[in-house]
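See structure below.
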Amino acid sequence: MQFSDLGLVAELLRAVEEQGYSTPTPIQEQAIPPILQGQDVMAGAQTGTGKTAAFTLPTLQRLKPHASTSVSPARHPVRALILTPTRELAAQVYESVRDYSKHIPLRSACVYGGVNIDPQIAELRAGIEILVATPGRLLDHVHQRTVNLGQVEIFILDEADRMLDMGFMPDIKRIAALLPAKRQNLMFSATFPDDIKRLADQILKDPVRLQIARRNTVAELVTHSAYKVDPLRKQELLSNLIRSRDIKQVLVFTSTKISANRLARQLERAGFNCAAQHSDKSQQERTAALAAFKEGKVQVLVATDVAARGLDIEHLPLVINYELPPNPDDYIHRIGRTGRAGMAGEAISLVAPDEREALASIEKLIKMSIPIQPTPESDFRPPEASPRRREHGHKRTRDTSRASSRSAQSSLAVSAIESSLAESSSSMDALYVASAERAITPPAANVERRPRQVAALFLPPVTAKQD
Ligand code: AMP
């Protein structure tokens, strides 16, 4: 099928061509015709499927009769409202709206929190037809009476499941109550838990239901694998994976802001160019870090689920789950950052013993078993090899070289244990024993030299509220 078979007008076909898209994706093929006809749509489509164009292109076409070059704000009321859960996704959707509307004089704006509200007010006052917004900032504008939603004709909820996870349900209801009753509603969600179905029942009227990937599945072009690793050895394994595979760009997920910050610091110390992305960072920091990552100036972006939601990074080859998400649905969202738009991608998970259940839940959800990779012995180099240590000019003392040879011997012993265990049993428990043994017997010299770090490693896990 071609884009021209979908009934899109010439201006949109031209814009699509300029984006370099040759054929529509399945969600575009299925969603564009009913949206053009004015029907409500509820679509199960994960990120990376081309869903933004699937709702933006027909929205632009439906609004085309209102397109006007008039400077009067009254000629440009908000006619389409696109709600997204995060600022990053809002910015990305807005970029797509701009790209696709290049040849139609419809105006658009994007409002989200964490940045100065005044320029947004100025844009809204000048008049725009398409508004991309996060719920909180949109309500700020509503309260300040800087936006009027009384003429909205098309209401789009993007990544609805994440909106609910983030507690936006009351905001969404408040916003929906401000819209005209007669309108077209489109809801896109990667997953369909029961609350989403209930929300859909409240908002959508007799919707066309589309399910693009199988329910709760991940992009087929992504290969999955996992390493079983003691939590104390995760950072080392991660560093070695990045180095040994000469990885130029990797997105690493942690489950909390605290561990994102901590890991980013550790990786910086290990010599990587790295940034952390989470909701405690200012919007400017988040935008700058993402831009630097996209441009290849930052090699490792450590992110929490919220901050990484909706990120569209072209050709991102690899996502690493440093910590598995507590909610298995988030695995699908994380993995959706790679393997986008027909490109191959890879997802690696570092699984600690207490994350086995989380791994099992993920496997159940995605209906596939994730192969466990053997942990290469080289991934467990003793910490004194780190660049920082060299930088500080530490010379090897007799004690450390003894410690190293002890460590080498114990590594050999551990390898032997591992191979015999691997031969006799592939059970995860058995292999954890080997790696845990190694982790809790660091060379004596390391303990002396890095008292703070080692002490920190043995502290009980920090439980922080997930952002
Ligand atoms: P989305 O799922 O909307 O986040 O889109 C994921 C990526 O797919 C974006 O980088 C889009 O530019 C790209 N994309 C959207 N539609 C197509 C298409 N028909 N052909 C190729 N790439 C596309």
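Lettering and numbering for the structure tokens are positional, with chains as A, B, ... in the shown order, residues counted from 1 in each chain, and ligands counted from 1 in the shown order.
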
TODO: May I ask you to write as a VMD selection string all residues lying at most 10 Å from ligand 1, with only C-alpha atoms and all ligand atoms counted?
DONE: chain A and resid 2 to 3 16 to 17 19 to 29 45 to 56 89 92 to 93 95 to 96 99 158 310 to 315 336 to 343

Would you put the residues from that selection into a file with N, CA and C atoms, as a short mmCIF file (atom, residue, chain, number, x, y, z; two decimals), in the first residue's frame?
data_model
loop_
_atom_site.label_atom_id
_atom_site.label_comp_id
_atom_site.auth_asym_id
_atom_site.auth_seq_id
_atom_site.Cartn_x
_atom_site.Cartn_y
_atom_site.Cartn_z
N GLN A 2 0.36 2.30 -0.67
CA GLN A 2 1.09 3.58 -0.72
C GLN A 2 0.34 4.61 0.12
N PHE A 3 1.03 5.68 0.50
CA PHE A 3 0.34 6.75 1.23
C PHE A 3 -0.81 7.32 0.40
N VAL A 16 5.07 13.84 3.72
CA VAL A 16 5.48 12.49 4.06
C VAL A 16 6.69 12.07 3.21
N GLU A 17 6.61 12.46 1.94
CA GLU A 17 7.72 12.14 1.04
C GLU A 17 9.00 12.83 1.51
N GLN A 19 9.78 13.47 4.43
CA GLN A 19 10.30 12.76 5.60
C GLN A 19 11.05 11.49 5.18
N GLY A 20 10.89 11.12 3.92
CA GLY A 20 11.58 9.92 3.43
C GLY A 20 10.80 8.64 3.67
N TYR A 21 9.50 8.75 4.00
CA TYR A 21 8.71 7.53 4.22
C TYR A 21 8.23 7.04 2.85
N SER A 22 8.47 5.76 2.58
CA SER A 22 8.03 5.26 1.27
C SER A 22 6.65 4.63 1.36
N THR A 23 6.43 3.82 2.40
CA THR A 23 5.10 3.19 2.53
C THR A 23 4.57 3.41 3.95
N PRO A 24 3.25 3.39 4.10
CA PRO A 24 2.71 3.56 5.46
C PRO A 24 2.99 2.34 6.33
N THR A 25 3.12 2.57 7.60
CA THR A 25 3.28 1.45 8.54
C THR A 25 1.88 0.86 8.81
N PRO A 26 1.80 -0.34 9.40
CA PRO A 26 0.48 -0.95 9.64
C PRO A 26 -0.48 -0.04 10.42
N ILE A 27 0.01 0.66 11.44
CA ILE A 27 -0.91 1.51 12.20
C ILE A 27 -1.40 2.66 11.32
N GLN A 28 -0.54 3.15 10.45
CA GLN A 28 -0.96 4.23 9.55
C GLN A 28 -2.00 3.72 8.56
N GLU A 29 -1.75 2.54 8.00
CA GLU A 29 -2.72 1.96 7.05
C GLU A 29 -4.09 1.80 7.70
N ALA A 45 -1.01 0.45 19.98
CA ALA A 45 0.19 0.51 19.13
C ALA A 45 1.34 0.98 19.99
N GLN A 46 2.36 0.19 19.99
CA GLN A 46 3.51 0.58 20.80
C GLN A 46 4.28 1.68 20.10
N THR A 47 5.14 2.30 20.87
CA THR A 47 5.94 3.36 20.33
C THR A 47 6.92 2.79 19.28
N GLY A 48 7.21 3.57 18.27
CA GLY A 48 8.11 3.07 17.23
C GLY A 48 7.36 2.50 16.04
N THR A 49 6.04 2.46 16.12
CA THR A 49 5.25 1.88 15.03
C THR A 49 4.83 2.93 14.00
N GLY A 50 5.10 4.19 14.31
CA GLY A 50 4.67 5.26 13.41
C GLY A 50 3.31 5.81 13.82
N LYS A 51 2.96 5.66 15.09
CA LYS A 51 1.61 6.06 15.53
C LYS A 51 1.43 7.58 15.50
N THR A 52 2.52 8.34 15.67
CA THR A 52 2.36 9.80 15.69
C THR A 52 1.83 10.28 14.34
N ALA A 53 2.43 9.76 13.26
CA ALA A 53 1.94 10.15 11.93
C ALA A 53 0.53 9.60 11.72
N ALA A 54 0.24 8.44 12.34
CA ALA A 54 -1.08 7.81 12.15
C ALA A 54 -2.20 8.71 12.67
N PHE A 55 -1.93 9.48 13.75
CA PHE A 55 -3.01 10.39 14.19
C PHE A 55 -2.80 11.81 13.69
N THR A 56 -1.54 12.21 13.44
CA THR A 56 -1.31 13.60 13.05
C THR A 56 -1.75 13.87 11.60
N LEU A 89 7.96 13.59 25.15
CA LEU A 89 7.06 13.10 24.11
C LEU A 89 6.30 14.27 23.49
N GLN A 92 8.45 15.89 21.02
CA GLN A 92 8.62 15.06 19.83
C GLN A 92 7.39 15.05 18.93
N VAL A 93 6.23 14.95 19.56
CA VAL A 93 4.99 14.95 18.77
C VAL A 93 4.86 16.30 18.07
N GLU A 95 7.20 18.25 17.13
CA GLU A 95 8.13 18.28 15.99
C GLU A 95 7.49 17.59 14.78
N SER A 96 6.84 16.45 15.03
CA SER A 96 6.17 15.74 13.92
C SER A 96 5.04 16.58 13.34
N ASP A 99 6.53 19.08 11.14
CA ASP A 99 7.02 18.49 9.89
C ASP A 99 5.88 18.19 8.93
N ASP A 158 -2.28 10.45 23.75
CA ASP A 158 -1.17 9.62 23.29
C ASP A 158 -0.53 8.94 24.51
N GLY A 310 8.78 7.92 25.41
CA GLY A 310 8.53 8.62 24.15
C GLY A 310 9.77 9.12 23.43
N LEU A 311 10.95 8.89 23.99
CA LEU A 311 12.14 9.38 23.30
C LEU A 311 12.27 8.71 21.94
N ASP A 312 12.50 9.50 20.93
CA ASP A 312 12.69 8.93 19.61
C ASP A 312 14.11 9.23 19.19
N ILE A 313 14.95 8.21 19.28
CA ILE A 313 16.35 8.42 18.94
C ILE A 313 16.62 7.57 17.71
N GLU A 314 16.96 8.25 16.65
CA GLU A 314 17.11 7.51 15.40
C GLU A 314 18.21 6.46 15.51
N HIS A 315 17.90 5.28 15.06
CA HIS A 315 18.86 4.19 14.99
C HIS A 315 19.53 3.88 16.33
N GLY A 336 10.99 -0.23 23.46
CA GLY A 336 10.47 0.52 22.31
C GLY A 336 11.37 1.65 21.88
N ARG A 337 12.39 1.96 22.68
CA ARG A 337 13.35 3.02 22.28
C ARG A 337 14.27 2.53 21.18
N THR A 338 14.43 1.19 21.08
CA THR A 338 15.30 0.67 20.03
C THR A 338 14.44 -0.15 19.08
N GLY A 339 15.00 -0.58 17.96
CA GLY A 339 14.23 -1.35 16.99
C GLY A 339 13.08 -0.54 16.42
N ARG A 340 13.28 0.77 16.27
CA ARG A 340 12.20 1.62 15.77
C ARG A 340 12.19 1.69 14.25
N ALA A 341 10.99 1.85 13.74
CA ALA A 341 10.78 2.07 12.30
C ALA A 341 11.62 1.12 11.42
N GLY A 342 11.49 -0.15 11.73
CA GLY A 342 12.10 -1.16 10.87
C GLY A 342 13.58 -1.41 11.08
N MET A 343 14.21 -0.70 12.04
CA MET A 343 15.64 -0.92 12.28
C MET A 343 15.79 -2.03 13.34
#

Open item on the list: If you run DSSP on the backbone here, which positions in range 112-246 of chain A get strand (DSSP E)? Please write them as a list in words.
Closed with: Ile130, Leu131, Val132, Ala133, Ile154, Phe155, Ile156, Leu157, Gln184, Asn185, Leu186, Met187, Phe188, Ser189, Val208, Arg209, Leu210, Gln211, Val222, Thr223, His224, Ser225, Ala226, Tyr227 and Lys228 of chain A

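Relative to CA of Cys110 in chain A, CA of Ala91 in chain A is found at 6.8 Å.
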
Task: Residue neighbourhood Asp330 in chain A, 10 Å, only C-alpha atoms, exclusion window fewer than 4 positions, as number ranges by chain - done: A: 162, 190-191, 305-306, 309, 324-326, 334-336, 362

Open item on the list: Just want the 6 Å neighbourhood of Ile154 in chain A, counted on only C-alpha atoms, with same-chain residues fewer than 2 positions away dropped. Output as a ChimeraX atom specification.
Closed with: /A:80,152,183-185

Pull C-alpha atoms from the residues just selected and write them as a compact mmCIF listing (two decimals), in the first residue's frame.
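Saved the output as out06.txt:
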# COMPACT_ATOMS: atom_id res chain seq x y z
CA ALA A 80 -7.03 19.72 17.97
CA VAL A 152 -11.67 21.59 20.14
CA ARG A 183 -15.82 15.96 19.08
CA GLN A 184 -13.67 13.20 17.65
CA ASN A 185 -11.57 11.22 20.14

Could you go through range 261-299 of chain A and tell me which residues DSSP, when run on the backbone, assigns to helix (DSSP H, G or I), listing them as a CSV table (one decimal) with C-alpha atoms, in the first residue's frame?
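Saved to part36.csv:
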chain,number,residue,atom,x,y,z
A,261,ASN,CA,22.4,9.6,39.4
A,262,ARG,CA,24.7,7.2,41.2
A,263,LEU,CA,25.3,5.1,38.0
A,264,ALA,CA,25.9,8.2,35.9
A,265,ARG,CA,28.5,9.3,38.4
A,266,GLN,CA,30.2,5.9,38.5
A,267,LEU,CA,30.3,5.7,34.7
A,268,GLU,CA,31.8,9.1,34.5
A,269,ARG,CA,34.5,8.0,36.9
A,283,GLN,CA,13.7,20.8,31.5
A,284,GLN,CA,16.7,22.6,30.1
A,285,GLU,CA,19.1,19.9,31.4
A,286,ARG,CA,16.9,17.2,30.0
A,287,THR,CA,16.6,18.8,26.6
A,288,ALA,CA,20.4,19.5,26.5
A,289,ALA,CA,21.2,15.9,27.6
A,290,LEU,CA,18.9,14.4,25.0
A,291,ALA,CA,20.3,16.6,22.3
A,292,ALA,CA,23.9,15.7,23.2
A,293,PHE,CA,22.9,12.0,23.2
A,294,LYS,CA,21.2,12.3,19.8

Open item on the list: Taking only C-alpha atoms into account, name the residue in A:Ile247, A:Ala181, A:Ala360, A:Ala31 that is nearest to Ile212 in chain A.
Closed with: A:Ala31

Task: Near-range 111-122 of chain A list (6 Å; only C-alpha atoms; drop same-chain fewer than 4 positions) as number ranges by chain - done: A: 87, 133-134, 137, 283

- [ ] Please identify all polymer residues within 9 Å of Pro328 in chain A, counting only C-alpha atoms, omitting same-chain residues fewer than 5 positions from it, and present them as a VMD selection string.
- [x] chain A and resid 358 to 359 361 to 363 365 to 366

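Counting only C-alpha atoms, the residue from A:Pro374, A:Leu157, A:Glu88, A:Leu232 that sits nearest to Gln277 in chain A is A:Glu88.
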
TODO: Find, counting only C-alpha atoms, the residue in A:Lys102, A:Lys228, A:Arg125, A:Lys248 that gets nearest to Val147 in chain A.
DONE: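 Ranking A:Lys102, A:Lys228, A:Arg125, A:Lys248 by distance to Val147 in chain A, first place goes to A:Arg125.
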
For the contact check between range 113-218 of chain A and range 64-76 of chain A, emit one row per residue of range 113-218 of chain A within 9 Å, containing the shortest atom pair and the distance in Å rounded to one decimal, counting only C-alpha atoms, chain then rising number order, as JSON lines.
{"residue": "A:Leu124", "atom": "CA", "partner": "A:Pro73", "partner_atom": "CA", "distance": 8.7}
{"residue": "A:Arg125", "atom": "CA", "partner": "A:Pro73", "partner_atom": "CA", "distance": 6.7}
{"residue": "A:Ala126", "atom": "CA", "partner": "A:Pro73", "partner_atom": "CA", "distance": 5.1}
{"residue": "A:Gly127", "atom": "CA", "partner": "A:Pro73", "partner_atom": "CA", "distance": 4.3}
{"residue": "A:Ile128", "atom": "CA", "partner": "A:His76", "partner_atom": "CA", "distance": 5.1}
{"residue": "A:Glu129", "atom": "CA", "partner": "A:His76", "partner_atom": "CA", "distance": 5.5}
